[in-house]
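Printed here is model25.cif (mmCIF, C-alpha atoms and all ligand atoms):
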data_data
#
loop_
_atom_site.label_atom_id
_atom_site.label_comp_id
_atom_site.auth_asym_id
_atom_site.auth_seq_id
_atom_site.Cartn_x
_atom_site.Cartn_y
_atom_site.Cartn_z
CA MET U 1 0.00 0.00 0.00
CA GLU U 2 2.74 2.40 1.07
CA MET U 3 4.86 1.45 -1.97
CA GLU U 4 1.90 1.98 -4.26
CA SER U 5 1.06 5.44 -2.95
CA LYS U 6 4.69 6.49 -3.32
CA LYS U 7 4.51 5.86 -7.04
CA LYS U 8 1.41 7.97 -7.57
CA LYS U 9 1.86 11.25 -9.36
CA THR U 10 1.03 14.35 -7.36
CA ILE U 11 -1.68 16.82 -8.33
CA PHE U 12 -1.80 20.27 -6.75
CA SER U 13 -4.22 23.12 -7.37
CA GLY U 14 -5.96 25.97 -5.61
CA VAL U 15 -8.46 28.80 -5.74
CA ALA U 16 -7.86 32.25 -4.29
CA PRO U 17 -10.59 33.19 -1.78
CA SER U 18 -11.48 36.53 -3.30
CA GLY U 19 -14.60 37.64 -5.14
CA ASN U 20 -17.34 35.17 -6.02
CA ILE U 21 -16.27 31.71 -7.12
CA HIS U 22 -18.00 31.25 -10.46
CA ILE U 23 -18.84 28.65 -13.06
CA GLY U 24 -15.61 29.52 -14.93
CA ASN U 25 -13.59 28.40 -11.90
CA TYR U 26 -15.80 25.34 -11.67
CA LEU U 27 -15.79 24.26 -15.32
CA GLY U 28 -12.16 25.28 -15.91
CA ALA U 29 -10.68 23.75 -12.78
CA ILE U 30 -12.63 22.48 -9.77
CA LYS U 31 -14.91 20.08 -11.63
CA GLN U 32 -11.95 18.21 -13.03
CA TRP U 33 -10.29 18.01 -9.61
CA VAL U 34 -13.11 15.77 -8.47
CA LYS U 35 -12.73 13.50 -11.52
CA ILE U 36 -8.99 13.26 -10.91
CA GLN U 37 -9.57 12.43 -7.25
CA GLU U 38 -12.14 9.77 -8.11
CA SER U 39 -9.80 8.09 -10.61
CA GLY U 40 -7.70 7.09 -7.60
CA GLU U 41 -4.57 7.34 -9.75
CA PHE U 42 -3.04 10.39 -8.10
CA ARG U 43 -2.03 11.91 -4.80
CA THR U 44 -4.36 14.94 -4.82
CA ILE U 45 -3.79 18.18 -2.93
CA PHE U 46 -6.22 21.12 -3.01
CA CYS U 47 -5.42 24.35 -1.26
CA VAL U 48 -7.36 27.50 -0.37
CA VAL U 49 -4.69 30.03 -1.30
CA ASP U 50 -5.46 32.85 1.13
CA GLU U 51 -1.98 34.38 0.87
CA HIS U 52 -2.73 34.99 -2.80
CA ALA U 53 -6.00 36.76 -1.98
CA ILE U 54 -4.19 39.48 0.01
CA THR U 55 -2.15 40.59 -3.02
CA VAL U 56 -5.02 43.06 -3.44
CA PRO U 57 -6.50 44.80 -0.37
CA GLN U 58 -9.05 42.69 1.53
CA ASP U 59 -11.37 43.43 4.41
CA PRO U 60 -10.26 41.02 7.21
CA GLU U 61 -13.77 39.94 8.22
CA LYS U 62 -14.83 39.35 4.63
CA LEU U 63 -11.62 37.47 3.90
CA ARG U 64 -12.18 35.17 6.87
CA ALA U 65 -15.68 34.37 5.64
CA LYS U 66 -14.49 33.88 2.06
CA ILE U 67 -11.76 31.42 3.10
CA MET U 68 -14.36 29.28 4.88
CA GLU U 69 -16.72 29.63 1.90
CA VAL U 70 -14.13 28.34 -0.54
CA ALA U 71 -13.20 25.46 1.77
CA ALA U 72 -16.88 24.52 2.13
CA LEU U 73 -17.27 24.75 -1.66
CA TYR U 74 -14.38 22.33 -2.19
CA LEU U 75 -16.14 19.86 0.10
CA ALA U 76 -19.52 20.55 -1.47
CA VAL U 77 -18.34 19.76 -5.01
CA GLY U 78 -16.98 16.46 -3.77
CA ILE U 79 -13.39 16.94 -2.65
CA ASP U 80 -13.21 14.19 -0.08
CA PRO U 81 -10.79 14.57 2.84
CA GLU U 82 -10.45 10.78 2.91
CA LYS U 83 -9.07 10.84 -0.62
CA SER U 84 -7.45 14.27 -1.00
CA LEU U 85 -5.51 16.71 1.10
CA ILE U 86 -7.48 19.90 1.63
CA PHE U 87 -6.03 22.79 3.60
CA ILE U 88 -5.47 26.54 3.88
CA GLN U 89 -2.22 27.93 2.48
CA SER U 90 -1.41 30.19 5.45
CA HIS U 91 -1.63 27.22 7.82
CA VAL U 92 1.51 25.84 6.24
CA SER U 93 4.16 28.54 6.68
CA GLU U 94 6.53 26.82 4.23
CA HIS U 95 4.57 28.39 1.34
CA ALA U 96 5.63 31.91 2.30
CA GLU U 97 9.13 30.73 3.13
CA LEU U 98 9.76 29.03 -0.20
CA GLY U 99 8.04 31.92 -1.98
CA TRP U 100 10.65 34.26 -0.54
CA ILE U 101 13.54 32.05 -1.55
CA LEU U 102 12.21 31.68 -5.09
CA ASN U 103 11.97 35.48 -5.29
CA THR U 104 15.71 35.59 -4.89
CA ILE U 105 16.24 33.60 -8.08
CA THR U 106 13.47 35.24 -10.13
CA PRO U 107 14.56 37.79 -12.74
CA LEU U 108 12.40 40.94 -12.63
CA GLY U 109 11.81 40.65 -16.36
CA GLU U 110 10.02 37.31 -15.90
CA LEU U 111 7.50 38.90 -13.54
CA GLN U 112 7.09 41.97 -15.73
CA ARG U 113 5.96 39.73 -18.59
CA MET U 114 3.03 38.21 -16.67
CA THR U 115 -0.23 39.16 -18.39
CA GLN U 116 -2.29 38.55 -15.25
CA PHE U 117 -0.17 41.12 -13.40
CA LYS U 118 -0.65 43.60 -16.23
CA ASP U 119 -4.44 43.08 -16.18
CA LYS U 120 -4.83 43.12 -12.42
CA SER U 121 -2.54 46.06 -11.78
CA GLN U 122 -4.58 48.20 -14.16
CA LYS U 123 -7.53 47.81 -11.80
CA GLN U 124 -5.56 48.94 -8.71
CA LYS U 125 -5.09 52.48 -7.43
CA SER U 126 -1.87 51.51 -5.74
CA ILE U 127 0.02 48.52 -7.12
CA LEU U 128 1.49 46.43 -4.34
CA ALA U 129 4.75 44.47 -4.46
CA GLY U 130 2.82 41.36 -3.42
CA LEU U 131 0.74 41.48 -6.58
CA PHE U 132 3.90 41.66 -8.64
CA ASN U 133 5.52 38.76 -6.73
CA TYR U 134 2.37 36.63 -6.76
CA PRO U 135 3.70 34.12 -9.35
CA THR U 136 6.71 33.19 -7.19
CA LEU U 137 4.35 32.30 -4.34
CA MET U 138 2.30 30.22 -6.75
CA ALA U 139 5.51 28.47 -7.85
CA ALA U 140 6.25 27.74 -4.18
CA ASP U 141 2.77 26.23 -3.70
CA ILE U 142 3.38 23.83 -6.54
CA LEU U 143 7.03 22.96 -5.93
CA LEU U 144 6.70 22.32 -2.18
CA TYR U 145 4.75 19.12 -2.86
CA GLN U 146 6.91 17.85 -5.72
CA THR U 147 3.85 18.26 -7.92
CA ASN U 148 3.72 16.55 -11.31
CA LEU U 149 0.47 18.01 -12.66
CA VAL U 150 -1.45 21.23 -12.04
CA PRO U 151 -5.12 21.21 -13.19
CA VAL U 152 -6.05 24.83 -13.93
CA GLY U 153 -7.79 27.06 -16.45
CA GLU U 154 -5.94 28.56 -19.38
CA ASP U 155 -5.27 31.87 -17.62
CA GLN U 156 -2.78 30.17 -15.28
CA LEU U 157 -0.57 28.69 -18.03
CA GLN U 158 1.93 31.51 -17.95
CA HIS U 159 2.35 31.14 -14.18
CA ILE U 160 3.00 27.42 -14.54
CA GLU U 161 5.53 28.11 -17.26
CA LEU U 162 7.33 30.43 -14.83
CA THR U 163 7.14 27.74 -12.12
CA ARG U 164 8.90 25.34 -14.50
CA THR U 165 11.55 27.93 -15.31
CA LEU U 166 12.24 28.57 -11.62
CA ALA U 167 12.34 24.87 -10.76
CA LYS U 168 14.84 24.21 -13.53
CA LYS U 169 16.95 27.19 -12.53
CA PHE U 170 17.03 26.12 -8.88
CA ASN U 171 17.90 22.54 -9.80
CA ALA U 172 20.69 23.70 -12.11
CA GLN U 173 22.13 26.09 -9.54
CA PHE U 174 21.81 24.00 -6.37
CA GLY U 175 21.35 20.39 -7.53
CA GLU U 176 18.23 18.29 -8.24
CA THR U 177 15.58 19.38 -5.76
CA PHE U 178 12.24 19.97 -7.47
CA VAL U 179 10.06 17.92 -9.78
CA ILE U 180 9.28 19.93 -12.92
CA PRO U 181 5.47 20.28 -13.00
CA GLU U 182 3.19 20.32 -16.01
CA PRO U 183 -0.13 22.06 -16.54
CA MET U 184 -3.29 19.98 -17.00
CA ILE U 185 -5.86 21.85 -19.04
CA ASN U 186 -9.39 20.82 -20.04
CA LYS U 187 -10.11 20.57 -23.77
CA THR U 188 -13.31 22.57 -23.33
CA GLY U 189 -14.08 25.00 -20.56
CA ALA U 190 -10.48 26.08 -19.93
CA ARG U 191 -11.51 29.64 -20.76
CA ILE U 192 -15.12 30.53 -20.01
CA MET U 193 -15.83 34.06 -21.18
CA GLY U 194 -17.74 36.83 -19.41
CA LEU U 195 -21.52 36.77 -19.95
CA ASP U 196 -21.53 40.54 -20.42
CA ASN U 197 -18.48 40.56 -22.68
CA PRO U 198 -17.38 37.44 -24.59
CA GLU U 199 -14.04 39.08 -25.45
CA ASN U 200 -12.77 38.73 -21.86
CA LYS U 201 -12.69 35.76 -19.52
CA MET U 202 -15.30 35.38 -16.81
CA SER U 203 -13.73 36.97 -13.75
CA LYS U 204 -14.23 36.98 -9.98
CA SER U 205 -13.15 40.60 -9.84
CA ALA U 206 -15.47 41.77 -12.65
CA GLU U 207 -17.21 45.05 -11.92
CA SER U 208 -20.65 43.81 -12.90
CA PRO U 209 -22.13 40.67 -11.31
CA ASN U 210 -23.72 40.07 -14.73
CA ASN U 211 -20.25 39.02 -15.90
CA TYR U 212 -20.43 35.71 -14.06
CA ILE U 213 -22.66 33.11 -12.49
CA ALA U 214 -21.46 32.44 -8.97
CA LEU U 215 -21.63 28.85 -7.72
CA LEU U 216 -23.92 30.06 -4.96
CA ASP U 217 -26.24 32.21 -7.11
CA SER U 218 -29.94 31.48 -6.54
CA PRO U 219 -32.09 30.06 -9.38
CA GLU U 220 -33.73 33.48 -9.75
CA THR U 221 -30.40 35.24 -10.12
CA ILE U 222 -29.18 32.64 -12.61
CA ARG U 223 -32.32 33.08 -14.75
CA LYS U 224 -31.90 36.84 -14.67
CA LYS U 225 -28.20 36.79 -15.53
CA ILE U 226 -28.65 34.39 -18.45
CA LYS U 227 -31.56 36.45 -19.73
CA VAL U 228 -29.40 39.57 -19.94
CA ALA U 229 -26.30 37.75 -21.19
CA VAL U 230 -24.89 39.26 -24.38
CA THR U 231 -25.64 37.39 -27.64
CA ASP U 232 -24.39 37.91 -31.19
CA SER U 233 -26.06 39.25 -34.30
CA GLY U 234 -28.17 36.75 -36.25
CA SER U 235 -30.43 34.24 -34.55
CA GLU U 236 -28.78 30.86 -35.10
CA ILE U 237 -27.56 28.74 -32.19
CA LYS U 238 -24.24 27.87 -33.76
CA TYR U 239 -20.74 27.35 -32.40
CA ASP U 240 -18.36 29.77 -34.12
CA ARG U 241 -15.72 31.36 -31.88
CA GLU U 242 -14.89 34.02 -34.47
CA LYS U 243 -18.29 35.13 -35.67
CA LYS U 244 -20.42 34.14 -32.68
CA PRO U 245 -18.23 34.44 -29.59
CA ALA U 246 -21.11 35.01 -27.16
CA VAL U 247 -23.29 32.14 -28.35
CA SER U 248 -20.24 29.87 -28.55
CA ASN U 249 -19.49 30.62 -24.91
CA LEU U 250 -23.09 29.86 -23.89
CA LEU U 251 -23.00 26.64 -25.90
CA THR U 252 -19.78 25.63 -24.13
CA ILE U 253 -21.39 26.23 -20.74
CA TYR U 254 -24.52 24.31 -21.78
CA SER U 255 -22.48 21.42 -23.10
CA LEU U 256 -20.37 21.10 -19.93
CA PHE U 257 -23.30 21.24 -17.55
CA ALA U 258 -25.55 18.97 -19.59
CA GLU U 259 -22.60 16.69 -20.48
CA LYS U 260 -23.77 16.68 -24.09
CA PRO U 261 -21.65 17.40 -27.16
CA ILE U 262 -22.07 20.89 -28.64
CA GLU U 263 -23.21 19.50 -32.04
CA GLU U 264 -26.09 17.72 -30.36
CA ILE U 265 -27.23 20.94 -28.68
CA GLU U 266 -26.94 22.84 -31.97
CA LYS U 267 -29.24 20.27 -33.59
CA GLU U 268 -31.76 20.50 -30.76
CA TYR U 269 -32.05 24.24 -31.26
CA GLU U 270 -32.17 24.31 -35.04
CA GLY U 271 -34.81 26.82 -36.09
CA LYS U 272 -35.27 28.02 -32.50
CA GLY U 273 -34.27 31.42 -31.18
CA TYR U 274 -31.95 32.77 -28.52
CA ALA U 275 -34.77 33.29 -26.01
CA GLU U 276 -35.71 29.62 -25.91
CA PHE U 277 -32.09 28.49 -25.82
CA LYS U 278 -31.29 30.85 -22.95
CA LYS U 279 -34.33 29.80 -20.98
CA ASP U 280 -33.24 26.16 -21.15
CA LEU U 281 -29.61 27.03 -20.48
CA ALA U 282 -30.56 28.73 -17.22
CA GLU U 283 -32.37 25.56 -16.12
CA VAL U 284 -29.44 23.36 -17.10
CA ILE U 285 -27.12 25.48 -14.96
CA ILE U 286 -29.56 25.58 -12.03
CA GLU U 287 -29.85 21.81 -12.15
CA GLY U 288 -26.07 21.40 -12.46
CA LEU U 289 -25.40 23.55 -9.42
CA SER U 290 -28.24 22.39 -7.20
CA PRO U 291 -26.49 19.31 -5.68
CA LEU U 292 -23.43 21.30 -4.69
CA GLN U 293 -25.55 24.15 -3.36
CA ALA U 294 -27.46 21.73 -1.15
CA LYS U 295 -24.25 20.16 0.14
CA TYR U 296 -22.74 23.60 0.66
CA LYS U 297 -25.52 24.47 3.10
CA GLU U 298 -24.62 21.46 5.24
CA PHE U 299 -21.01 22.55 5.50
CA GLU U 300 -21.92 26.20 5.96
CA ASN U 301 -23.95 25.20 9.00
CA ASN U 302 -21.09 23.20 10.39
CA PRO U 303 -17.95 25.37 10.34
CA ASP U 304 -16.34 23.40 13.17
CA ALA U 305 -16.37 20.24 11.09
CA VAL U 306 -14.88 22.13 8.13
CA MET U 307 -12.16 23.61 10.34
CA ALA U 308 -11.30 20.18 11.75
CA ILE U 309 -10.83 18.86 8.20
CA LEU U 310 -8.65 21.85 7.27
CA LYS U 311 -6.52 21.47 10.37
CA LYS U 312 -5.88 17.82 9.70
CA GLY U 313 -5.14 18.62 6.06
CA ALA U 314 -2.58 21.26 7.05
CA GLU U 315 -0.81 18.83 9.39
CA LYS U 316 -0.45 16.29 6.59
CA ALA U 317 0.56 18.92 4.04
CA LYS U 318 3.22 20.16 6.43
CA GLU U 319 4.88 16.75 6.47
CA THR U 320 5.75 17.01 2.78
CA ALA U 321 6.29 20.77 2.78
CA SER U 322 8.75 20.69 5.68
CA ARG U 323 10.70 17.88 4.05
CA THR U 324 11.10 19.91 0.87
CA MET U 325 12.03 23.03 2.86
CA SER U 326 14.76 21.23 4.85
CA GLU U 327 16.30 20.19 1.59
CA VAL U 328 16.02 23.68 0.12
CA ARG U 329 17.59 25.34 3.19
CA GLU U 330 20.45 22.88 3.14
CA LYS U 331 21.06 23.28 -0.60
CA ILE U 332 21.19 27.08 -0.58
CA GLY U 333 23.62 27.19 2.33
CA PHE U 334 21.49 28.16 5.32
CA VAL U 335 22.94 26.94 8.62
P1 LIG D 401 -8.17 31.76 -9.45
O1 LIG D 401 -8.55 31.74 -8.02
O2 LIG D 401 -8.27 33.05 -10.17
O3 LIG D 401 -9.00 30.71 -10.26
C1 LIG D 401 -9.17 29.38 -9.81
C2 LIG D 401 -9.15 28.44 -11.00
O4 LIG D 401 -10.18 28.78 -11.93
C3 LIG D 401 -9.63 28.92 -13.23
N1 LIG D 401 -10.37 29.96 -13.95
C4 LIG D 401 -11.04 29.78 -15.09
N2 LIG D 401 -11.20 28.70 -15.88
C5 LIG D 401 -11.96 28.84 -16.98
N3 LIG D 401 -12.56 30.00 -17.34
C6 LIG D 401 -12.43 31.11 -16.60
N4 LIG D 401 -13.03 32.23 -16.94
C7 LIG D 401 -11.64 31.03 -15.41
N5 LIG D 401 -11.30 31.92 -14.44
C8 LIG D 401 -10.53 31.26 -13.57
C9 LIG D 401 -8.18 29.32 -12.99
O5 LIG D 401 -7.38 29.03 -14.10
C10 LIG D 401 -7.84 28.49 -11.78
O6 LIG D 401 -7.48 27.19 -12.16
N6 LIG D 401 -3.21 31.84 -9.18
C11 LIG D 401 -4.37 30.99 -9.08
C12 LIG D 401 -4.49 30.31 -7.75
C13 LIG D 401 -3.29 29.55 -7.36
C14 LIG D 401 -2.90 28.27 -7.85
C15 LIG D 401 -1.71 27.94 -7.14
C16 LIG D 401 -3.44 27.40 -8.81
C17 LIG D 401 -2.39 29.91 -6.42
N7 LIG D 401 -1.42 28.94 -6.29
C18 LIG D 401 -1.05 26.74 -7.41
C19 LIG D 401 -2.78 26.22 -9.06
C20 LIG D 401 -1.59 25.89 -8.37
C21 LIG D 401 -5.61 31.85 -9.28
O7 LIG D 401 -5.61 33.04 -9.05
O8 LIG D 401 -6.70 31.17 -9.62
#
Any chance you could put this one into structure tokens?
Ligand code: TYM
Amino acid sequence: MEMESKKKKTIFSGVAPSGNIHIGNYLGAIKQWVKIQESGEFRTIFCVVDEHAITVPQDPEKLRAKIMEVAALYLAVGIDPEKSLIFIQSHVSEHAELGWILNTITPLGELQRMTQFKDKSQKQKSILAGLFNYPTLMAADILLYQTNLVPVGEDQLQHIELTRTLAKKFNAQFGETFVIPEPMINKTGARIMGLDNPENKMSKSAESPNNYIALLDSPETIRKKIKVAVTDSGSEIKYDREKKPAVSNLLTIYSLFAEKPIEEIEKEYEGKGYAEFKKDLAEVIIEGLSPLQAKYKEFENNPDAVMAILKKGAEKAKETASRTMSEVREKIGFV
């Protein structure tokens, strides 16, 4: 048993507890975590990355609530503490420690290239050093656990590329220490676009709540948001990323929730209009989210149980993280 688990490849991923966790996060990342866990083929680690959330200003009370919300959502979608490690980043101090050390081998130019930094910093009045250094902390998250695969949406690819660069650089400079991780990206759903603007990805920090459907949105809200979602000119329900970006995005969402191929949905709606398609889409989403919303309520009403799971998770995570850190300290010449 022990031998077998040692051979398993390691999966690591996380969500930052900021804004409203939405169906883009779910379809692009979290939904596949559960599948990966259930395959039983991997050692799976899922983290609530609170230290990433504070790279933009947060209200402490809201942050505390959001961290517990994300943890409860992980459990509600089916992350099972018997099968996966689930914990909060700040409970394992090695993340911040390795993040610092990786900063010292990260060329400024690498961080300046990051498109997510460019996007996010535009929205800030005062740009904080933490937002700039964010990708080195993400690299630390991944490298601490000798991760092989990182299941994420497309927007995180550049960060994983940087993680690989840093791991290779460290290994070359100080000797083999880190496994070089690879991204794991869904074929469809890796980039769900905003409902109010199909040119940009659906985003937790979007100004208008009509940009996204949050995992905890009520059926009424979902119906309203889909009703006002942007569509394209013409009336055909057809997948065409170039000419019909909005409808293509809605079709992708429909297909992933209904677990039906897009062509089949196109056929079903031949000769029908946007209004009918949207009405059904709202119901498909409501139905898709209803089991996790019901489970979420159970965990929401039982924060002590959630905290106990997180505490146990952090203890286990620390075993691996501290092992990696001892090696890192030794290799770089700390006494
Ligand atoms: P975050 O919290 O912004 O997003 C969580 C996950 O959701 C994916 N995602 C999307 N997928 C499809 N369509 C979208 N519109 C969409 N928006 C977001 C993201 O790609 C991500 O997988 N830096 C990370 C958190 C992080 C992390 C890590 C991830 C910190 N350390 C280590 C993996 C490994 C982030 O901000 O994700």
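Between CA of Gln146 (chain U) and CA of Val179 (chain U) lies a distance of 5.1 Å.
Within the 7 Å cut-off around region 268-273 of chain U, using all atoms listed in the file and omitting residues fewer than 6 positions from it on the same chain, the listed residues are Ser235, Glu236 and Ile237 of chain U.
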Set the distance at 12 Å and use only C-alpha atoms: which residues neighbour Ala308 (chain U) once local chain neighbours fewer than 6 positions away are removed? I'd like the list as a list of chain:residue names.
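Neighbouring residues, sequence-local ones excluded: U:Met68, U:Ala71, U:Ala72, U:Pro81, U:Ile86, U:Phe87, U:Ile88, U:Phe299, U:Asn302, U:Ala314, U:Glu315.
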Please write the residues from the selection above to a file, keeping C-alpha atoms, as a tab-separated table (two decimals), keeping the file's coordinate frame.
chain	number	residue	atom	x	y	z
U	68	MET	CA	-14.36	29.28	4.88
U	71	ALA	CA	-13.20	25.46	1.77
U	72	ALA	CA	-16.88	24.52	2.13
U	81	PRO	CA	-10.79	14.57	2.84
U	86	ILE	CA	-7.48	19.90	1.63
U	87	PHE	CA	-6.03	22.79	3.60
U	88	ILE	CA	-5.47	26.54	3.88
U	299	PHE	CA	-21.01	22.55	5.50
U	302	ASN	CA	-21.09	23.20	10.39
U	314	ALA	CA	-2.58	21.26	7.05
U	315	GLU	CA	-0.81	18.83	9.39
Using only C-alpha atoms and all ligand atoms, pick whichever of U:Lys331, U:Lys244, U:His22, U:Lys169 has the shortest atom-to-atom distance to ligand LIG 401 (chain D).
U:His22
Around ligand LIG 401 (chain D), at most 6 Å away and counting all atoms listed in the file, which residues are there? Put them as an MDAnalysis selection string, please.
chainID U and resid 12:16 24:25 28:29 49 138 141:142 150 152:156 189:193 201:203
Using only C-alpha atoms, pick whichever of U:Leu144, U:Leu162, U:Ile265, U:Ile23 has the shortest atom-to-atom distance to Phe178 (chain U).
U:Leu144
Would you mind reading off the distance between CA of Ile285 (chain U) and CA of Ile262 (chain U), one decimal, in Å?
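Taking CA of Ile285 (chain U) as the start and CA of Ile262 (chain U) as the end point, the length is 15.3 Å.
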For Phe257 (chain U), please output as a PDB file with C-alpha atoms, in the coordinates of the input all residues within 7 Å (counting only C-alpha atoms; exclusion window: fewer than 4 positions along the same chain).
ATOM      1  CA  ILE U 253     -21.390  26.230 -20.740  1.00  0.00           C
ATOM      2  CA  VAL U 284     -29.440  23.360 -17.100  1.00  0.00           C
ATOM      3  CA  ILE U 285     -27.120  25.480 -14.960  1.00  0.00           C
ATOM      4  CA  GLY U 288     -26.070  21.400 -12.460  1.00  0.00           C
TER       5      GLY U 288
END
I want to know what sits within 7 Å of region 74-77 of chain U, based on all atoms listed in the file, with residues of the same chain fewer than 4 positions away left out; could you give that as a short mmCIF file (atom, residue, chain, number, x, y, z; two decimals) with C-alpha atoms, keeping the file's coordinate frame?
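Once written, out.cif looks like this:
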data_model
loop_
_atom_site.label_atom_id
_atom_site.label_comp_id
_atom_site.auth_asym_id
_atom_site.auth_seq_id
_atom_site.Cartn_x
_atom_site.Cartn_y
_atom_site.Cartn_z
CA VAL U 70 -14.13 28.34 -0.54
CA LEU U 292 -23.43 21.30 -4.69
CA LYS U 295 -24.25 20.16 0.14
CA TYR U 296 -22.74 23.60 0.66
#
Nearest residue to Ile21 (chain U) from the set U:Leu216, U:Val34, U:Val247, U:Ala258 (distances using all atoms listed in the file):
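That would be U:Leu216, the residue with the smallest distance to Ile21 (chain U).
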Quick one: everything within 12 Å of region 117-126 of chain U, counting all atoms listed in the file, minus sequence neighbours fewer than 5 positions away in the same chain. Send it as a ChimeraX atom specification.
/U:55-57,110-112,131-135,155-156,158-159,200-201,203-207
Min atom-atom distance to Glu97 (chain U) from the set U:Leu149, U:Cys47, U:Ile332, U:Leu137, counting only C-alpha atoms, belongs to U:Leu137
Would you mind reading off the distance between CA of Trp100 (chain U) and CA of Trp33 (chain U), one decimal, in Å?
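Going from CA of Trp100 (chain U) over to CA of Trp33 (chain U) covers 28.0 Å.
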Taking all atoms listed in the file into account, which of U:Glu287, U:Glu94, U:Glu182, U:Glu276 comes nearest Ile11 (chain U)?
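Of all the options, U:Glu182 lies closest to Ile11 (chain U).
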Using all atoms listed in the file, the residue out of U:Asp217, U:Glu319, U:Lys238, U:Val328 with shortest distance to Ser290 (chain U) is U:Asp217
